[in-house]
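**Student:** You'll find data.txt just under this line, and it carries compact mmCIF, C-alpha atoms.
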# COMPACT_ATOMS: atom_id res chain seq x y z
CA MET A 802 21.74 -7.53 -49.52
CA ARG A 803 25.20 -9.04 -49.07
CA LEU A 804 27.75 -7.66 -46.64
CA SER A 805 31.43 -8.25 -46.91
CA LEU A 806 33.03 -10.08 -43.98
CA PRO A 807 34.56 -6.90 -42.42
CA ALA A 808 31.25 -5.04 -42.74
CA ALA A 809 29.37 -7.97 -41.21
CA LEU A 810 31.79 -8.07 -38.25
CA VAL A 811 31.40 -4.33 -37.67
CA ALA A 812 27.60 -4.67 -37.81
CA ALA A 813 27.70 -7.56 -35.32
CA VAL A 814 29.84 -5.57 -32.88
CA VAL A 815 27.55 -2.53 -33.16
CA LEU A 816 24.41 -4.64 -32.65
CA GLN A 817 25.94 -6.42 -29.66
CA GLY A 818 26.77 -3.06 -28.08
CA CYS A 819 23.18 -1.92 -28.58
CA ILE A 820 21.59 -5.05 -27.20
CA GLY A 821 23.85 -5.51 -24.14
CA ASP A 822 23.40 -8.00 -21.35
CA SER A 823 21.45 -8.03 -18.17
CA VAL A 824 21.84 -9.96 -14.95
CA SER A 825 19.44 -10.38 -12.07
CA ASP A 826 20.25 -10.02 -8.40
CA GLU A 827 17.82 -11.52 -5.92
CA ILE A 828 17.67 -9.81 -2.57
CA SER A 829 15.66 -10.97 0.40
CA THR A 830 15.12 -10.34 4.06
CA GLU A 831 13.17 -11.99 6.84
CA VAL A 832 11.07 -9.96 9.26
CA THR A 833 9.44 -11.21 12.44
CA ILE A 834 6.51 -9.28 13.86
CA ASP A 835 6.15 -10.21 17.50
CA LEU A 836 3.18 -10.21 19.85
CA ALA A 837 4.10 -6.76 21.19
CA THR A 838 3.03 -5.28 17.84
CA SER A 839 -0.31 -3.53 18.12
CA PRO A 840 -2.99 -3.94 15.43
CA GLY A 841 -2.49 -1.27 12.77
CA GLN A 842 1.13 -0.67 13.79
CA ILE A 843 3.85 -0.42 11.12
CA VAL A 844 7.03 -2.42 11.63
CA GLU A 845 9.92 -1.09 9.54
CA VAL A 846 13.18 -2.86 8.80
CA ARG A 847 16.01 -1.31 6.77
CA LYS A 848 18.56 -3.50 5.09
CA ARG A 849 21.55 -2.77 2.87
CA PHE A 850 22.30 -4.93 -0.14
CA ARG A 851 25.33 -5.02 -2.43
CA PHE A 852 24.77 -5.46 -6.16
CA SER A 853 26.70 -8.14 -8.03
CA HIS A 854 27.81 -5.46 -10.52
CA ASP A 855 28.75 -1.87 -9.83
CA PRO A 856 25.62 0.16 -10.69
CA ARG A 857 27.80 3.06 -11.83
CA ASP A 858 29.08 0.83 -14.65
CA ALA A 859 25.60 -0.39 -15.59
CA ARG A 860 23.26 1.05 -18.22
CA GLY A 861 20.39 0.72 -15.75
CA VAL A 862 19.22 -0.96 -12.54
CA TYR A 863 15.53 -1.81 -12.13
CA PHE A 864 13.23 -3.31 -9.48
CA SER A 865 11.58 -5.96 -11.64
CA ASP A 866 9.74 -8.43 -9.43
CA ALA A 867 9.04 -9.17 -5.78
CA ARG A 868 7.06 -11.51 -3.57
CA LEU A 869 6.11 -11.88 0.07
CA GLN A 870 6.02 -15.29 1.72
CA LEU A 871 4.82 -16.30 5.16
CA LEU A 872 7.45 -18.54 6.78
CA SER A 873 5.87 -19.18 10.17
CA PRO A 874 3.66 -20.20 11.77
CA VAL A 875 2.72 -22.89 9.29
CA ASP A 876 -0.98 -22.81 10.20
CA ALA A 877 -1.37 -19.03 9.61
CA ASP A 878 -1.69 -16.85 6.54
CA LEU A 879 -0.86 -13.30 5.46
CA SER A 880 -4.29 -11.91 6.36
CA TYR A 881 -2.77 -10.64 9.62
CA LEU A 882 -1.12 -7.98 7.47
CA HIS A 883 -2.83 -5.00 5.87
CA ARG A 884 -0.03 -3.84 3.59
CA VAL A 885 3.69 -4.29 2.97
CA ASP A 886 5.68 -1.56 1.24
CA VAL A 887 9.20 -1.82 -0.14
CA LEU A 888 10.96 1.53 -0.37
CA VAL A 889 14.41 2.43 -1.64
CA VAL A 890 16.32 4.91 0.53
CA ASP A 891 18.17 7.90 -0.92
CA PRO A 892 21.81 7.59 0.24
CA ALA A 893 22.26 11.38 0.15
CA SER A 894 19.21 11.93 2.39
CA PRO A 895 18.43 8.78 4.43
CA GLU A 896 15.14 10.29 5.61
CA VAL A 897 13.94 10.32 1.98
CA SER A 898 12.67 7.10 0.43
CA VAL A 899 10.72 6.16 -2.69
CA LEU A 900 8.06 3.46 -2.87
CA VAL A 901 9.16 0.74 -5.31
CA GLY A 902 6.74 -2.09 -4.52
CA ARG A 903 3.57 -2.80 -2.57
CA ALA A 904 1.57 -5.86 -1.56
CA GLU A 905 -1.86 -5.53 0.03
CA GLY A 906 -5.32 -7.02 0.13
CA PHE A 907 -4.22 -10.35 1.58
CA LEU A 908 -6.94 -12.98 1.68
CA PRO A 909 -7.39 -15.84 4.11
CA GLY A 910 -5.18 -18.69 2.92
CA ASP A 911 -2.63 -16.45 1.17
CA ARG A 912 0.89 -17.56 2.09
CA VAL A 913 2.80 -16.24 -0.95
CA VAL A 914 1.79 -13.09 -2.84
CA PRO A 915 3.47 -10.90 -5.45
CA PHE A 916 4.24 -7.24 -4.98
CA ASP A 917 2.97 -4.67 -7.43
CA VAL A 918 5.99 -2.90 -8.93
CA ILE A 919 5.35 0.82 -8.41
CA TYR A 920 8.68 2.41 -9.36
CA THR A 921 9.95 1.32 -12.77
CA ASP A 922 12.65 3.97 -13.23
CA ASP A 923 16.39 3.43 -12.94
CA LEU A 924 17.59 2.78 -9.35
CA ARG A 925 21.24 3.73 -9.93
CA ARG A 926 20.81 7.08 -8.20
CA PHE A 927 20.01 5.21 -4.98
CA ALA A 928 23.27 3.25 -4.94
CA SER A 929 26.01 4.43 -2.63
CA ASP A 930 29.67 4.64 -3.61
CA ASP A 931 30.26 1.08 -2.34
CA SER A 932 27.64 -0.38 -4.76
CA ARG A 933 25.11 -0.86 -1.97
CA VAL A 934 21.48 0.10 -1.86
CA THR A 935 19.27 0.38 1.21
CA PHE A 936 15.70 -0.87 1.10
CA SER A 937 13.10 -0.30 3.77
CA PHE A 938 10.43 -2.93 4.35
CA ALA A 939 7.35 -1.48 6.08
CA LEU A 940 4.80 -4.04 7.28
CA GLU A 941 1.45 -2.78 8.55
CA THR A 942 -0.67 -5.18 10.59
CA ASN A 943 -4.45 -5.38 10.22
CA THR A 944 -6.57 -3.55 12.76
CA TRP A 945 -9.31 -6.20 12.59
CA SER A 946 -7.12 -9.31 12.93
CA GLY A 947 -7.50 -9.42 16.72
CA GLY A 948 -3.79 -9.79 17.32
CA LEU A 949 -1.05 -11.97 15.97
CA PRO A 950 -0.76 -15.72 16.42
CA GLU A 951 1.34 -17.10 19.28
CA GLY A 952 5.01 -16.58 18.41
CA GLY A 953 4.22 -13.75 15.98
CA LEU A 954 4.64 -13.84 12.20
CA THR A 955 7.82 -14.35 10.23
CA VAL A 956 7.74 -13.33 6.58
CA ALA A 957 10.33 -13.20 3.82
CA ALA A 958 10.33 -10.41 1.27
CA THR A 959 12.27 -11.28 -1.89
CA ALA A 960 12.92 -8.94 -4.81
CA THR A 961 14.59 -9.34 -8.18
CA ILE A 962 16.76 -6.45 -9.34
CA GLN A 963 17.64 -6.35 -13.04
CA ILE A 964 21.02 -4.86 -13.89
CA ASP A 965 21.55 -3.90 -17.52
CA ILE A 966 25.27 -4.00 -18.26
Represent the structure contained in this file as structure tokens.
**Tutor:**
Amino acid sequence: MRLSLPAALVAAVVLQGCIGDSVSDEISTEVTIDLATSPGQIVEVRKRFRFSHDPRDARGVYFSDARLQLLSPVDADLSYLHRVDVLVVDPASPEVSVLVGRAEGFLPGDRVVPFDVIYTDDLRRFASDDSRVTFSFALETNTWSGGLPEGGLTVAATATIQIDI
């Protein structure tokens, strides 16, 4: 089938509009759990992030990938932790949050582990008017670890947010 030049240009424009583009924003935060943290205790840190593109102008915003990395001490591993949850906070009701990712079952020697992506729906409803989103990072220590190493643990949680524009 042959298309005339004007018809081919119209088809290309229509197809480009259907395919669209996407960009990725990487967000991360560091959390230190100090020696005052009791075994089994949950340490929660909330952090606001600004998207590179206004989510209200996007076709969709998705939590696509995340990882947890132990930064210090260098001779420890993530087995001091039982579970780490990443939740997105509803800006209309800050006491309401939705689980988007979870990492658990850390083994001796694990220093970097991926999160399981739990929430695959569009995150635009969680963005505030200033294009920011608040994530909560909840780290639960192990009850059997016998306490944290001297100086505590410092971990970095990093997530990739896909923005379809």
**Student:** Quick check, in Å to one decimal: how far apart do atom CA of Pro892 of chain A and atom CA of Arg847 of chain A lie?
**Tutor:**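 Distance between the two atoms: 12.5 Å.
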**Student:** Give me the residues near Val897 of chain A as a list in words, where near means some atom within 12 Å (using all atoms listed in the file) and where sequence neighbours in that chain fewer than 2 positions away do not count.
**Tutor:** Leu888, Val889, Val890, Asp891, Pro892, Ala893, Ser894, Pro895, Val899, Leu900, Phe927, Thr935, Phe936 and Ser937 of chain A
**Student:** Report as JSON, numbers by chain all protein, DNA and RNA residues lying within 10 Å of Pro874 of chain A, evaluated on all atoms listed in the file, omitting residues in the same chain fewer than 3 positions from it.
**Tutor:** {"A": [871, 877, 878, 950, 951, 952, 953, 954, 955, 956]}
**Student:** How many Å lie between atom CA of Arg860 of chain A and atom CA of Ala904 of chain A, rounded to one decimal?
**Tutor:**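 Spanning atom CA of Arg860 of chain A to atom CA of Ala904 of chain A is a straight-line distance of 28.2 Å.
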**Student:** Let me make sure I understand: among A:Tyr920, A:Tyr881, A:Tyr863, A:Phe852, which one has the smallest atom-to-atom distance to Thr838 of chain A if we use all atoms listed in the file?
**Tutor:**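 Answer, going by the shortest atom-to-atom distance: A:Tyr881.
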**Student:** Using all atoms listed in the file, which of the listed residues (A:Arg857, A:Arg851, A:Arg925, A:Arg903) sits closest to Asp826 of chain A?
**Tutor:**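 Residue with the minimum atom-to-atom distance to Asp826 of chain A: A:Arg851.
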**Student:** Just how far from atom CA of Val914 of chain A is atom CA of Ala837 of chain A, in Å to one decimal?
**Tutor:**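 Taking atom CA of Ala837 of chain A as the start and atom CA of Val914 of chain A as the end point, the length is 25.0 Å.
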**Student:** Smallest atom-to-atom distance to Ser898 of chain A: which of A:Thr942, A:Val934, A:Gly948, A:Arg884, using all atoms listed in the file?
**Tutor:** A:Val934
**Student:** What lies within 10 Å of Gly861 of chain A using only C-alpha atoms, ignoring chain neighbours under 3 positions off, as JSON, numbers by chain?
**Tutor:** {"A": [823, 856, 857, 858, 922, 923, 924, 925, 926, 963, 964, 965, 966]}
**Student:** Please, what is the axis-aligned box for every listed atom of segment 944-947 of chain A with 4 Å on each side, as centre and edge lengths in Å to one decimal, as JSON?
**Tutor:**
{"center_x": -7.9, "center_y": -6.5, "center_z": 14.7, "size_x": 10.7, "size_y": 13.9, "size_z": 12.1}
**Student:** Show me, as an NGL selection string, the residues that have an atom within 10 Å of Ile843 of chain A when counting only C-alpha atoms, minus same-chain residues fewer than 3 positions from it.
**Tutor:** :A and (834 or 838-840 or 846 or 882-885 or 938-943)
**Student:** Pull C-alpha atoms from the residues just selected and write them as a tab-separated table (two decimals), keeping the file's coordinate frame.
**Tutor:**
chain	number	residue	atom	x	y	z
A	834	ILE	CA	6.51	-9.28	13.86
A	838	THR	CA	3.03	-5.28	17.84
A	839	SER	CA	-0.31	-3.53	18.12
A	840	PRO	CA	-2.99	-3.94	15.43
A	846	VAL	CA	13.18	-2.86	8.80
A	882	LEU	CA	-1.12	-7.98	7.47
A	883	HIS	CA	-2.83	-5.00	5.87
A	884	ARG	CA	-0.03	-3.84	3.59
A	885	VAL	CA	3.69	-4.29	2.97
A	938	PHE	CA	10.43	-2.93	4.35
A	939	ALA	CA	7.35	-1.48	6.08
A	940	LEU	CA	4.80	-4.04	7.28
A	941	GLU	CA	1.45	-2.78	8.55
A	942	THR	CA	-0.67	-5.18	10.59
A	943	ASN	CA	-4.45	-5.38	10.22
**Student:** Would you mind putting all heavy atoms back on segment 835-846 of chain A and writing the result as an mmCIF file, in the frame of the given file?
**Tutor:**
data_model
loop_
_atom_site.group_PDB
_atom_site.id
_atom_site.type_symbol
_atom_site.label_atom_id
_atom_site.label_comp_id
_atom_site.auth_asym_id
_atom_site.auth_seq_id
_atom_site.Cartn_x
_atom_site.Cartn_y
_atom_site.Cartn_z
ATOM 1 N N ASP A 835 6.435 -9.488 16.265
ATOM 2 C CA ASP A 835 6.150 -10.210 17.500
ATOM 3 C C ASP A 835 4.819 -9.779 18.117
ATOM 4 O O ASP A 835 4.149 -8.869 17.633
ATOM 5 C CB ASP A 835 7.294 -10.097 18.492
ATOM 6 C CG ASP A 835 7.571 -8.665 18.915
ATOM 7 O OD1 ASP A 835 6.656 -7.824 18.885
ATOM 8 O OD2 ASP A 835 8.723 -8.391 19.287
ATOM 9 N N LEU A 836 4.474 -10.436 19.189
ATOM 10 C CA LEU A 836 3.180 -10.210 19.850
ATOM 11 C C LEU A 836 3.056 -8.812 20.451
ATOM 12 O O LEU A 836 1.950 -8.368 20.732
ATOM 13 C CB LEU A 836 2.934 -11.272 20.916
ATOM 14 C CG LEU A 836 2.777 -12.697 20.383
ATOM 15 C CD1 LEU A 836 2.667 -13.684 21.533
ATOM 16 C CD2 LEU A 836 1.576 -12.791 19.476
ATOM 17 N N ALA A 837 4.155 -8.117 20.640
ATOM 18 C CA ALA A 837 4.100 -6.760 21.190
ATOM 19 C C ALA A 837 3.605 -5.753 20.153
ATOM 20 O O ALA A 837 3.305 -4.613 20.492
ATOM 21 C CB ALA A 837 5.479 -6.348 21.695
ATOM 22 N N THR A 838 3.498 -6.164 18.902
ATOM 23 C CA THR A 838 3.030 -5.280 17.840
ATOM 24 C C THR A 838 1.529 -5.087 17.953
ATOM 25 O O THR A 838 0.762 -6.043 17.965
ATOM 26 C CB THR A 838 3.381 -5.870 16.462
ATOM 27 O OG1 THR A 838 4.784 -6.126 16.411
ATOM 28 C CG2 THR A 838 3.000 -4.915 15.349
ATOM 29 N N SER A 839 1.117 -3.840 18.018
ATOM 30 C CA SER A 839 -0.310 -3.530 18.120
ATOM 31 C C SER A 839 -0.972 -3.606 16.747
ATOM 32 O O SER A 839 -0.340 -3.331 15.729
ATOM 33 C CB SER A 839 -0.495 -2.100 18.649
ATOM 34 O OG SER A 839 0.135 -1.941 19.886
ATOM 35 N N PRO A 840 -2.273 -3.954 16.701
ATOM 36 C CA PRO A 840 -2.990 -3.940 15.430
ATOM 37 C C PRO A 840 -2.908 -2.551 14.784
ATOM 38 O O PRO A 840 -3.061 -1.537 15.452
ATOM 39 C CB PRO A 840 -4.422 -4.289 15.816
ATOM 40 C CG PRO A 840 -4.273 -5.081 17.078
ATOM 41 C CD PRO A 840 -3.110 -4.446 17.792
ATOM 42 N N GLY A 841 -2.614 -2.531 13.498
ATOM 43 C CA GLY A 841 -2.490 -1.270 12.770
ATOM 44 C C GLY A 841 -1.103 -0.646 12.833
ATOM 45 O O GLY A 841 -0.818 0.333 12.158
ATOM 46 N N GLN A 842 -0.226 -1.205 13.648
ATOM 47 C CA GLN A 842 1.130 -0.670 13.790
ATOM 48 C C GLN A 842 1.981 -1.043 12.571
ATOM 49 O O GLN A 842 1.807 -2.102 11.975
ATOM 50 C CB GLN A 842 1.781 -1.226 15.058
ATOM 51 C CG GLN A 842 3.153 -0.670 15.347
ATOM 52 C CD GLN A 842 3.709 -1.198 16.665
ATOM 53 O OE1 GLN A 842 3.027 -1.870 17.438
ATOM 54 N NE2 GLN A 842 4.973 -0.900 16.917
ATOM 55 N N ILE A 843 2.929 -0.165 12.219
ATOM 56 C CA ILE A 843 3.850 -0.420 11.120
ATOM 57 C C ILE A 843 5.204 -0.815 11.702
ATOM 58 O O ILE A 843 5.759 -0.129 12.550
ATOM 59 C CB ILE A 843 4.004 0.815 10.213
ATOM 60 C CG1 ILE A 843 2.676 1.120 9.529
ATOM 61 C CG2 ILE A 843 5.103 0.584 9.170
ATOM 62 C CD1 ILE A 843 2.672 2.384 8.703
ATOM 63 N N VAL A 844 5.703 -1.947 11.248
ATOM 64 C CA VAL A 844 7.030 -2.420 11.630
ATOM 65 C C VAL A 844 7.928 -2.171 10.428
ATOM 66 O O VAL A 844 7.640 -2.640 9.317
ATOM 67 C CB VAL A 844 7.006 -3.917 11.997
ATOM 68 C CG1 VAL A 844 8.410 -4.426 12.271
ATOM 69 C CG2 VAL A 844 6.087 -4.156 13.175
ATOM 70 N N GLU A 845 9.017 -1.424 10.638
ATOM 71 C CA GLU A 845 9.920 -1.090 9.540
ATOM 72 C C GLU A 845 11.297 -1.681 9.786
ATOM 73 O O GLU A 845 11.834 -1.596 10.882
ATOM 74 C CB GLU A 845 10.046 0.424 9.375
ATOM 75 C CG GLU A 845 10.940 0.819 8.215
ATOM 76 C CD GLU A 845 11.086 2.327 8.049
ATOM 77 O OE1 GLU A 845 10.515 3.085 8.843
ATOM 78 O OE2 GLU A 845 11.794 2.726 7.130
ATOM 79 N N VAL A 846 11.840 -2.294 8.747
ATOM 80 C CA VAL A 846 13.180 -2.860 8.800
ATOM 81 C C VAL A 846 13.947 -2.322 7.595
ATOM 82 O O VAL A 846 13.457 -2.384 6.469
ATOM 83 C CB VAL A 846 13.144 -4.407 8.743
ATOM 84 C CG1 VAL A 846 14.543 -4.982 8.649
ATOM 85 C CG2 VAL A 846 12.403 -4.962 9.937
#
